[in-house]
$ cat work-v6.pdb   # PDB, C-alpha atoms and all ligand atoms
ATOM      1  CA  MET Z   1       0.000   0.000   0.000
ATOM      2  CA  THR Z   2       1.740   2.988  -1.273
ATOM      3  CA  ALA Z   3       0.476   5.486  -3.761
ATOM      4  CA  ASP Z   4      -1.363   8.679  -2.920
ATOM      5  CA  PRO Z   5      -4.297   8.279  -5.324
ATOM      6  CA  ALA Z   6      -4.826  12.014  -5.475
ATOM      7  CA  ALA Z   7      -1.373  12.635  -6.863
ATOM      8  CA  GLU Z   8      -1.304  10.172  -9.742
ATOM      9  CA  ARG Z   9       0.636  11.388 -12.756
ATOM     10  CA  PRO Z  10       0.778   9.549 -16.080
ATOM     11  CA  GLY Z  11       3.922   7.473 -16.382
ATOM     12  CA  PRO Z  12       6.169   6.350 -19.204
ATOM     13  CA  GLY Z  13       6.784   2.882 -20.657
ATOM     14  CA  PRO Z  14       6.753  -0.674 -19.410
ATOM     15  CA  VAL Z  15       8.062  -1.564 -15.965
ATOM     16  CA  ASP Z  16       8.780  -5.301 -16.259
ATOM     17  CA  GLY Z  17      12.344  -5.835 -17.435
ATOM     18  CA  SER Z  18      13.276  -2.187 -16.915
ATOM     19  CA  GLY Z  19      16.315  -1.249 -14.885
ATOM     20  CA  SER Z  20      19.513   0.721 -14.553
ATOM     21  CA  GLY Z  21      23.100  -0.339 -13.889
ATOM     22  CA  SER Z  22      23.202  -3.792 -12.312
ATOM     23  CA  ALA Z  23      19.493  -3.856 -11.321
ATOM     24  CA  VAL Z  24      16.644  -5.395 -13.369
ATOM     25  CA  CYS Z  25      12.931  -5.293 -12.475
ATOM     26  CA  VAL Z  26      10.645  -8.318 -12.318
ATOM     27  CA  LEU Z  27       7.105  -6.907 -12.071
ATOM     28  CA  ALA Z  28       4.710  -8.795  -9.763
ATOM     29  CA  PRO Z  29       1.123  -9.413 -10.984
ATOM     30  CA  ASN Z  30      -0.562  -7.381  -8.205
ATOM     31  CA  PRO Z  31      -1.618  -4.100  -9.851
ATOM     32  CA  SER Z  32      -4.074  -1.849  -7.977
ATOM     33  CA  PRO Z  33      -4.673   1.867  -7.383
ATOM     34  CA  MET Z  34      -2.351   1.587  -4.370
ATOM     35  CA  THR Z  35       0.388  -0.560  -5.953
ATOM     36  CA  LEU Z  36       0.337   1.060  -9.429
ATOM     37  CA  ASP Z  37       1.520  -1.513 -12.052
ATOM     38  CA  GLY Z  38       2.312  -3.979  -9.248
ATOM     39  CA  THR Z  39       5.294  -4.500  -6.948
ATOM     40  CA  ASN Z  40       8.764  -4.145  -8.459
ATOM     41  CA  THR Z  41      11.122  -6.939  -7.434
ATOM     42  CA  TRP Z  42      14.723  -5.953  -8.177
ATOM     43  CA  VAL Z  43      17.412  -8.464  -9.131
ATOM     44  CA  ILE Z  44      20.934  -7.078  -8.722
ATOM     45  CA  ALA Z  45      23.933  -8.726 -10.372
ATOM     46  CA  GLY Z  46      27.072  -6.982 -11.573
ATOM     47  CA  PRO Z  47      28.667  -8.091 -14.873
ATOM     48  CA  GLY Z  48      30.167 -11.582 -14.543
ATOM     49  CA  SER Z  49      29.129 -11.912 -10.911
ATOM     50  CA  SER Z  50      28.629 -15.442  -9.555
ATOM     51  CA  SER Z  51      25.828 -14.306  -7.252
ATOM     52  CA  ALA Z  52      22.738 -12.071  -7.252
ATOM     53  CA  ILE Z  53      20.866 -10.093  -4.616
ATOM     54  CA  VAL Z  54      17.074  -9.781  -4.678
ATOM     55  CA  VAL Z  55      15.354  -6.703  -3.242
ATOM     56  CA  ASP Z  56      11.646  -7.036  -2.272
ATOM     57  CA  PRO Z  57      10.345 -10.477  -3.328
ATOM     58  CA  GLY Z  58       6.836  -9.017  -3.582
ATOM     59  CA  PRO Z  59       3.586 -10.895  -2.931
ATOM     60  CA  ALA Z  60       3.409 -14.664  -2.315
ATOM     61  CA  ASP Z  61       2.674 -15.413  -5.968
ATOM     62  CA  GLU Z  62       4.313 -18.683  -7.051
ATOM     63  CA  GLY Z  63       4.656 -17.733 -10.705
ATOM     64  CA  HIS Z  64       6.230 -14.389  -9.862
ATOM     65  CA  LEU Z  65       8.677 -15.896  -7.371
ATOM     66  CA  ARG Z  66       9.722 -18.538  -9.892
ATOM     67  CA  ARG Z  67      10.381 -15.824 -12.489
ATOM     68  CA  VAL Z  68      12.482 -13.936  -9.926
ATOM     69  CA  SER Z  69      14.402 -17.081  -9.003
ATOM     70  CA  ALA Z  70      15.002 -17.981 -12.659
ATOM     71  CA  LEU Z  71      16.395 -14.522 -13.494
ATOM     72  CA  ALA Z  72      18.514 -14.337 -10.344
ATOM     73  CA  THR Z  73      20.076 -17.774 -10.889
ATOM     74  CA  ARG Z  74      20.697 -17.337 -14.608
ATOM     75  CA  ALA Z  75      24.195 -18.196 -15.875
ATOM     76  CA  GLY Z  76      24.880 -20.377 -12.847
ATOM     77  CA  ARG Z  77      24.498 -17.577 -10.314
ATOM     78  CA  ARG Z  78      23.303 -18.267  -6.785
ATOM     79  CA  VAL Z  79      21.179 -15.881  -4.749
ATOM     80  CA  HIS Z  80      23.407 -14.414  -2.069
ATOM     81  CA  GLN Z  81      20.811 -12.490  -0.047
ATOM     82  CA  ILE Z  82      17.224 -11.268  -0.153
ATOM     83  CA  LEU Z  83      16.736  -7.715   1.147
ATOM     84  CA  LEU Z  84      13.520  -5.909   2.119
ATOM     85  CA  THR Z  85      12.977  -2.162   1.755
ATOM     86  CA  HIS Z  86      10.232  -2.511   4.384
ATOM     87  CA  GLY Z  87       7.831  -5.070   5.777
ATOM     88  CA  HIS Z  88       4.541  -4.227   4.033
ATOM     89  CA  ALA Z  89       2.984  -7.399   2.638
ATOM     90  CA  ASP Z  90       3.087  -6.371  -1.036
ATOM     91  CA  HIS Z  91       6.913  -6.310  -0.710
ATOM     92  CA  SER Z  92       7.573  -9.051   1.843
ATOM     93  CA  ALA Z  93       4.858 -11.741   1.689
ATOM     94  CA  GLY Z  94       6.813 -13.782  -0.885
ATOM     95  CA  ALA Z  95      10.080 -13.669   1.095
ATOM     96  CA  ARG Z  96       9.686 -17.032   2.828
ATOM     97  CA  ARG Z  97       8.898 -18.870  -0.419
ATOM     98  CA  LEU Z  98      11.724 -17.146  -2.329
ATOM     99  CA  ALA Z  99      14.100 -18.075   0.490
ATOM    100  CA  GLU Z 100      12.986 -21.703   0.056
ATOM    101  CA  LEU Z 101      13.482 -21.566  -3.707
ATOM    102  CA  THR Z 102      16.937 -19.978  -3.497
ATOM    103  CA  ALA Z 103      18.300 -21.037  -0.066
ATOM    104  CA  ALA Z 104      19.154 -17.377   0.592
ATOM    105  CA  PRO Z 105      18.691 -15.528   3.903
ATOM    106  CA  VAL Z 106      16.246 -12.625   4.210
ATOM    107  CA  ARG Z 107      17.537  -9.381   5.730
ATOM    108  CA  ALA Z 108      15.227  -6.603   6.935
ATOM    109  CA  ALA Z 109      15.306  -3.619   9.271
ATOM    110  CA  ASP Z 110      12.381  -5.096  11.224
ATOM    111  CA  PRO Z 111      13.426  -8.299  13.083
ATOM    112  CA  ALA Z 112       9.947  -9.744  12.443
ATOM    113  CA  HIS Z 113      10.723  -9.979   8.720
ATOM    114  CA  ARG Z 114      14.206 -11.603   8.877
ATOM    115  CA  LEU Z 115      14.780 -15.254   7.944
ATOM    116  CA  ASP Z 116      18.204 -16.591   8.919
ATOM    117  CA  GLY Z 117      19.574 -13.143   8.048
ATOM    118  CA  ASP Z 118      21.046 -10.125   9.806
ATOM    119  CA  GLY Z 119      19.374  -6.785  10.304
ATOM    120  CA  LEU Z 120      19.696  -3.761   8.046
ATOM    121  CA  GLY Z 121      20.726  -0.540   9.755
ATOM    122  CA  PRO Z 122      21.892   2.898   8.647
ATOM    123  CA  GLY Z 123      25.485   2.754   7.416
ATOM    124  CA  ASP Z 124      25.427  -1.025   6.849
ATOM    125  CA  VAL Z 125      27.190  -2.123   3.684
ATOM    126  CA  VAL Z 126      25.976  -5.288   1.954
ATOM    127  CA  THR Z 127      28.472  -6.916  -0.411
ATOM    128  CA  GLY Z 128      27.631  -9.553  -2.995
ATOM    129  CA  ALA Z 129      26.384  -9.728  -6.569
ATOM    130  CA  GLY Z 130      29.586  -7.950  -7.611
ATOM    131  CA  ARG Z 131      28.351  -4.780  -5.974
ATOM    132  CA  GLU Z 132      28.558  -2.816  -2.751
ATOM    133  CA  ILE Z 133      25.105  -1.840  -1.486
ATOM    134  CA  ARG Z 134      24.753   0.829   1.195
ATOM    135  CA  VAL Z 135      21.757   0.921   3.529
ATOM    136  CA  ILE Z 136      20.148   4.354   3.920
ATOM    137  CA  ALA Z 137      17.578   4.603   6.742
ATOM    138  CA  THR Z 138      14.497   6.406   5.403
ATOM    139  CA  PRO Z 139      11.688   6.028   7.959
ATOM    140  CA  GLY Z 140       8.405   7.775   7.197
ATOM    141  CA  HIS Z 141       6.285   5.789   4.728
ATOM    142  CA  SER Z 142       6.703   3.093   7.387
ATOM    143  CA  ALA Z 143       8.849   3.068  10.501
ATOM    144  CA  ASP Z 144      11.101   0.340   9.050
ATOM    145  CA  SER Z 145      11.678   1.792   5.546
ATOM    146  CA  VAL Z 146      15.205   1.767   4.117
ATOM    147  CA  CYS Z 147      16.653   2.613   0.695
ATOM    148  CA  PHE Z 148      19.574   0.849  -0.982
ATOM    149  CA  LEU Z 149      22.352   2.876  -2.620
ATOM    150  CA  ILE Z 150      24.547   1.185  -5.235
ATOM    151  CA  PRO Z 151      27.368   3.725  -5.698
ATOM    152  CA  ALA Z 152      29.010   1.894  -8.636
ATOM    153  CA  ASP Z 153      25.806   2.351 -10.672
ATOM    154  CA  GLY Z 154      24.723   5.733  -9.263
ATOM    155  CA  ILE Z 155      21.322   4.218  -8.455
ATOM    156  CA  LEU Z 156      19.078   4.173  -5.388
ATOM    157  CA  LEU Z 157      16.378   1.545  -4.740
ATOM    158  CA  THR Z 158      13.682   3.484  -2.936
ATOM    159  CA  GLY Z 159      10.967   0.982  -1.967
ATOM    160  CA  ASP Z 160       7.823   2.974  -1.199
ATOM    161  CA  THR Z 161       9.694   6.072  -0.012
ATOM    162  CA  VAL Z 162       9.645   7.371  -3.621
ATOM    163  CA  LEU Z 163       7.360   5.855  -6.283
ATOM    164  CA  GLY Z 164       7.631   5.806 -10.063
ATOM    165  CA  ARG Z 165       4.410   7.824 -10.433
ATOM    166  CA  GLY Z 166       2.474  10.134  -8.157
ATOM    167  CA  THR Z 167       3.517  10.316  -4.531
ATOM    168  CA  THR Z 168       3.491   7.922  -1.608
ATOM    169  CA  VAL Z 169       1.187   7.823   1.411
ATOM    170  CA  ILE Z 170       2.207   7.812   5.035
ATOM    171  CA  ALA Z 171       1.001   4.375   6.228
ATOM    172  CA  ASP Z 172      -0.482   3.872   9.681
ATOM    173  CA  ASP Z 173       2.943   2.734  10.892
ATOM    174  CA  GLY Z 174       4.612   5.766   9.298
ATOM    175  CA  HIS Z 175       5.348   9.322  10.411
ATOM    176  CA  LEU Z 176       5.278  12.514   8.341
ATOM    177  CA  GLY Z 177       8.020  14.333  10.283
ATOM    178  CA  ASP Z 178      10.350  11.355   9.764
ATOM    179  CA  TYR Z 179       9.309  11.184   6.115
ATOM    180  CA  LEU Z 180      10.151  14.843   5.434
ATOM    181  CA  ALA Z 181      13.568  14.357   7.073
ATOM    182  CA  SER Z 182      14.123  11.237   4.934
ATOM    183  CA  LEU Z 183      13.269  13.141   1.733
ATOM    184  CA  ASP Z 184      15.759  15.865   2.690
ATOM    185  CA  ARG Z 185      18.403  13.177   3.301
ATOM    186  CA  LEU Z 186      17.760  11.619  -0.118
ATOM    187  CA  ARG Z 187      17.793  15.018  -1.834
ATOM    188  CA  ALA Z 188      21.267  15.659  -0.410
ATOM    189  CA  LEU Z 189      22.319  12.153  -1.464
ATOM    190  CA  ALA Z 190      21.153  12.788  -5.042
ATOM    191  CA  ASP Z 191      23.910  15.408  -5.300
ATOM    192  CA  SER Z 192      26.607  13.869  -3.091
ATOM    193  CA  ALA Z 193      26.320  10.385  -4.645
ATOM    194  CA  GLY Z 194      25.723  11.681  -8.173
ATOM    195  CA  LEU Z 195      22.533   9.635  -8.522
ATOM    196  CA  THR Z 196      21.422   8.983 -12.101
ATOM    197  CA  ALA Z 197      18.234   6.997 -11.391
ATOM    198  CA  LEU Z 198      15.775   6.085  -8.647
ATOM    199  CA  LEU Z 199      14.433   2.515  -8.806
ATOM    200  CA  PRO Z 200      11.088   2.542  -6.988
ATOM    201  CA  GLY Z 201       9.039  -0.231  -5.359
ATOM    202  CA  HIS Z 202       6.157   0.525  -7.754
ATOM    203  CA  GLY Z 203       6.080   2.214 -11.163
ATOM    204  CA  PRO Z 204       8.783   3.039 -13.699
ATOM    205  CA  VAL Z 205      12.441   3.957 -13.169
ATOM    206  CA  LEU Z 206      12.911   7.670 -12.422
ATOM    207  CA  PRO Z 207      15.740   9.182 -14.498
ATOM    208  CA  ASP Z 208      15.831  12.565 -12.658
ATOM    209  CA  PRO Z 209      16.485  11.878  -8.944
ATOM    210  CA  ALA Z 210      17.009  15.525  -7.900
ATOM    211  CA  GLY Z 211      13.936  16.759  -9.802
ATOM    212  CA  THR Z 212      11.768  13.920  -8.464
ATOM    213  CA  LEU Z 213      12.806  14.578  -4.875
ATOM    214  CA  ASP Z 214      12.218  18.324  -5.294
ATOM    215  CA  TYR Z 215       8.707  17.470  -6.545
ATOM    216  CA  TYR Z 216       8.074  15.185  -3.550
ATOM    217  CA  ILE Z 217       9.252  17.786  -1.050
ATOM    218  CA  GLY Z 218       7.128  20.483  -2.728
ATOM    219  CA  HIS Z 219       4.072  18.200  -2.847
ATOM    220  CA  ARG Z 220       4.292  17.574   0.915
ATOM    221  CA  ARG Z 221       4.529  21.286   1.567
ATOM    222  CA  ASP Z 222       1.464  21.913  -0.661
ATOM    223  CA  ARG Z 223      -0.565  19.184   1.082
ATOM    224  CA  LEU Z 224       0.288  20.587   4.523
ATOM    225  CA  ALA Z 225      -0.813  24.020   3.305
ATOM    226  CA  GLU Z 226      -4.120  22.558   2.051
ATOM    227  CA  VAL Z 227      -4.814  20.868   5.384
ATOM    228  CA  THR Z 228      -3.939  24.060   7.238
ATOM    229  CA  GLU Z 229      -6.388  25.962   5.000
ATOM    230  CA  ALA Z 230      -9.110  23.342   5.605
ATOM    231  CA  LEU Z 231      -8.640  23.771   9.355
ATOM    232  CA  ALA Z 232      -8.852  27.547   8.956
ATOM    233  CA  ALA Z 233     -12.098  27.054   7.018
ATOM    234  CA  GLY Z 234     -13.580  25.173   9.979
ATOM    235  CA  ASP Z 235     -12.992  21.469   9.217
ATOM    236  CA  ARG Z 236     -12.406  19.549  12.430
ATOM    237  CA  THR Z 237     -12.191  15.838  11.489
ATOM    238  CA  PRO Z 238     -10.044  13.873   8.993
ATOM    239  CA  ALA Z 239     -13.219  12.954   7.067
ATOM    240  CA  GLU Z 240     -14.217  16.620   6.685
ATOM    241  CA  ILE Z 241     -10.722  17.550   5.541
ATOM    242  CA  VAL Z 242     -10.600  14.682   3.018
ATOM    243  CA  ALA Z 243     -13.989  15.697   1.592
ATOM    244  CA  ARG Z 244     -12.590  19.173   0.930
ATOM    245  CA  VAL Z 245      -8.984  18.472  -0.122
ATOM    246  CA  TYR Z 246      -9.722  15.268  -2.101
ATOM    247  CA  ALA Z 247     -13.072  16.457  -3.514
ATOM    248  CA  ASP Z 248     -12.088  15.558  -7.086
ATOM    249  CA  VAL Z 249     -10.803  12.062  -6.190
ATOM    250  CA  ASP Z 250     -12.922   8.882  -6.442
ATOM    251  CA  ARG Z 251     -14.692   8.300  -3.121
ATOM    252  CA  SER Z 252     -13.527   4.676  -2.926
ATOM    253  CA  LEU Z 253     -10.038   6.061  -2.301
ATOM    254  CA  TRP Z 254     -11.015   8.443   0.494
ATOM    255  CA  PRO Z 255     -10.249   5.946   3.295
ATOM    256  CA  PHE Z 256      -6.618   5.869   2.090
ATOM    257  CA  ALA Z 257      -6.527   9.647   1.871
ATOM    258  CA  GLU Z 258      -7.627   9.772   5.514
ATOM    259  CA  TRP Z 259      -4.383   8.059   6.538
ATOM    260  CA  SER Z 260      -2.404  10.842   4.890
ATOM    261  CA  VAL Z 261      -4.570  13.508   6.501
ATOM    262  CA  ARG Z 262      -4.171  11.901   9.944
ATOM    263  CA  ALA Z 263      -0.389  11.912   9.471
ATOM    264  CA  GLN Z 264      -0.506  15.593   8.570
ATOM    265  CA  LEU Z 265      -2.682  16.462  11.586
ATOM    266  CA  GLU Z 266      -0.196  14.619  13.805
ATOM    267  CA  TYR Z 267       2.657  16.574  12.225
ATOM    268  CA  LEU Z 268       0.852  19.913  12.678
ATOM    269  CA  ASP Z 269       0.080  18.939  16.288
ATOM    270  CA  GLU Z 270       3.780  18.231  16.955
ATOM    271  CA  HIS Z 271       4.631  21.633  15.511
ATOM    272  CA  GLY Z 272       1.959  23.567  17.408
ATOM    273  CA  GLY Z 273      -0.236  24.152  14.333
ATOM    274  CA  LEU Z 274      -3.423  22.377  15.414
ATOM    275  CA  PRO Z 275      -6.555  24.009  16.898
ATOM    276  CA  PRO Z 276      -7.419  22.312  20.217
ATOM    277  CA  ASP Z 277     -10.868  21.087  19.095
ATOM    278  CA  VAL Z 278      -9.622  18.971  16.160
ATOM    279  CA  ARG Z 279     -10.378  15.258  16.337
ATOM    280  CA  LYS Z 280      -7.445  13.296  14.926
TER     281      LYS Z 280
HETATM  282 ZN    ZN U   1       4.620   0.023   1.744
END
$ encode --input "work-v6.pdb" --output "structure tokens"
Amino acid sequence: MTADPAAERPGPGPVDGSGSGSAVCVLAPNPSPMTLDGTNTWVIAGPGSSSAIVVDPGPADEGHLRRVSALATRAGRRVHQILLTHGHADHSAGARRLAELTAAPVRAADPAHRLDGDGLGPGDVVTGAGREIRVIATPGHSADSVCFLIPADGILLTGDTVLGRGTTVIADDGHLGDYLASLDRLRALADSAGLTALLPGHGPVLPDPAGTLDYYIGHRRDRLAEVTEALAAGDRTPAEIVARVYADVDRSLWPFAEWSVRAQLEYLDEHGGLPPDVRK
């Protein structure tokens, strides 16, 4: 669960088989308004490497996991590790089965999602697949979200922190203040690491990391301004605010929009911007 349905932008070309540097996407067959084209499973293998690393197995779909396994083990490679950007089911539910198929450990920031594997913390460096992969802590979409930087390719795997189209939602285990700080950290990284592409957990590869992150940061600022205006106009509940701010969005998506609004009310509350009679 990921996309902010109110911020959907049309996207370019096919996702399955896309990639950049040493990473190739295997698209899972779970499309929806919240998962866009489906979940992107990334297979990482440098040229001539004897092993591969899989990021986000995706849903527990046997056909998808077999495709992932087949690509990862092509040319006699073995799967060295399976990494999770975060624990949401559309990224992690297939991890146990993929671990069975490949005999690889599963590493995740959240101990609940590890299988015979270590944790993933800020500053950790994962080696394998002919690449060095750096773990960047990016809490916000969820508390356990991380991104993976592959310096040799100038690419960043962003999970649900940045999506290939539209913008992400703050899930009920996320936090907007953390998310804004994470976006600022990634924006700085886009320059310092010379990023050439963002590889998201849903949607197409993003070829303009700095521009995309500027858009995300601006979008959050705009949304906060809209919620602040709705409060000034007298709205006092998340449902009232959604009905005003998301008026032109299909009503079936309003429950998801309420999560985002709740996260923004919490943020405004932490920063002293909430009238006392608002019901969060
Ligand atoms: Zn998610």
$ residues_around --input "work-v6.pdb" --residues "Gly117 of chain Z" --least-positions-apart "4" --cutoff "12 Å" --atoms "only C-alpha atoms" --output "PyMOL selection string"
chain Z and resi 80-84+95-96+99+103-113+126
$ closest_residue --input "work-v6.pdb" --among "Z:Ser51, Z:Pro33, Z:Arg66, Z:Ala232" --to "Val249 of chain Z" --atoms "all atoms listed in the file"
Z:Pro33
$ closest_atom_pairs --input "work-v6.pdb" --of "chain Z" --to "ligand ZN 1 (chain U)" --cutoff "9 Å" --atoms "all atoms listed in the file" --output "JSON lines"
{"residue": "Z:Met1", "atom": "CA", "partner": "U:ZN1", "partner_atom": "ZN", "distance": 4.9}
{"residue": "Z:Thr2", "atom": "CA", "partner": "U:ZN1", "partner_atom": "ZN", "distance": 5.1}
{"residue": "Z:Ala3", "atom": "CA", "partner": "U:ZN1", "partner_atom": "ZN", "distance": 8.8}
{"residue": "Z:Thr35", "atom": "CA", "partner": "U:ZN1", "partner_atom": "ZN", "distance": 8.8}
{"residue": "Z:Thr85", "atom": "CA", "partner": "U:ZN1", "partner_atom": "ZN", "distance": 8.6}
{"residue": "Z:His86", "atom": "CA", "partner": "U:ZN1", "partner_atom": "ZN", "distance": 6.7}
{"residue": "Z:Gly87", "atom": "CA", "partner": "U:ZN1", "partner_atom": "ZN", "distance": 7.2}
{"residue": "Z:His88", "atom": "CA", "partner": "U:ZN1", "partner_atom": "ZN", "distance": 4.8}
{"residue": "Z:Ala89", "atom": "CA", "partner": "U:ZN1", "partner_atom": "ZN", "distance": 7.7}
{"residue": "Z:Asp90", "atom": "CA", "partner": "U:ZN1", "partner_atom": "ZN", "distance": 7.1}
{"residue": "Z:His91", "atom": "CA", "partner": "U:ZN1", "partner_atom": "ZN", "distance": 7.2}
{"residue": "Z:His141", "atom": "CA", "partner": "U:ZN1", "partner_atom": "ZN", "distance": 6.7}
{"residue": "Z:Ser142", "atom": "CA", "partner": "U:ZN1", "partner_atom": "ZN", "distance": 6.8}
{"residue": "Z:Ser145", "atom": "CA", "partner": "U:ZN1", "partner_atom": "ZN", "distance": 8.2}
{"residue": "Z:Gly159", "atom": "CA", "partner": "U:ZN1", "partner_atom": "ZN", "distance": 7.4}
{"residue": "Z:Asp160", "atom": "CA", "partner": "U:ZN1", "partner_atom": "ZN", "distance": 5.3}
{"residue": "Z:Thr161", "atom": "CA", "partner": "U:ZN1", "partner_atom": "ZN", "distance": 8.1}
{"residue": "Z:Thr168", "atom": "CA", "partner": "U:ZN1", "partner_atom": "ZN", "distance": 8.7}
{"residue": "Z:Val169", "atom": "CA", "partner": "U:ZN1", "partner_atom": "ZN", "distance": 8.5}
{"residue": "Z:Ile170", "atom": "CA", "partner": "U:ZN1", "partner_atom": "ZN", "distance": 8.8}
{"residue": "Z:Ala171", "atom": "CA", "partner": "U:ZN1", "partner_atom": "ZN", "distance": 7.2}
{"residue": "Z:Gly201", "atom": "CA", "partner": "U:ZN1", "partner_atom": "ZN", "distance": 8.4}
$ resolve_selection --input "work-v6.pdb" --expression "the PyMOL selection byres (((chain Z and resi 262) around 12) and not hetatm)" --output "ChimeraX atom specification"
/Z:169-176,224,227,236-242,255-261,263-269,274,278-280
$ resolve_selection --input "work-v6.pdb" --expression "the PyMOL selection byres (((chain Z and resi 156) around 7) and not hetatm)" --output "list of chain:residue names"
Z:Cys147, Z:Phe148, Z:Leu149, Z:Ile150, Z:Ile155, Z:Leu157, Z:Thr158, Z:Ala197, Z:Leu198, Z:Leu199
$ atom_distance --input "work-v6.pdb" --atom1 "atom CA of Arg97 of chain Z" --atom2 "atom CA of Ser50 of chain Z"
22.0 Å
$ axis_aligned_box --input "work-v6.pdb" --around "segment 219-229 of chain Z" --padding-each-side "8 Å" --output "AutoDock Vina command-line options"
--center_x -0.9 --center_y 21.8 --center_z 2.2 --size_x 26.9 --size_y 24.4 --size_z 26.1
$ resolve_selection --input "work-v6.pdb" --expression "the PyMOL selection byres (((chain Z and resi 31) around 12) and not hetatm)" --output "list in words"
Met1, Thr2, Ala3, Val15, Leu27, Ala28, Pro29, Asn30, Ser32, Pro33, Met34, Thr35, Leu36, Asp37, Gly38, Thr39, Asn40, Gly58, Pro59, Asp90, His202 and Gly203 of chain Z
$ atom_distance --input "work-v6.pdb" --atom1 "atom CA of Gly194 of chain Z" --atom2 "atom CA of Gly154 of chain Z"
6.1 Å
$ closest_residue --input "work-v6.pdb" --among "Z:Gly121, Z:Gly130, Z:Gly17, Z:Pro200" --to "Gly164 of chain Z" --atoms "all atoms listed in the file"
Z:Pro200
$ atom_distance --input "work-v6.pdb" --atom1 "atom CA of Pro151 of chain Z" --atom2 "atom CA of Arg131 of chain Z"
8.6 Å
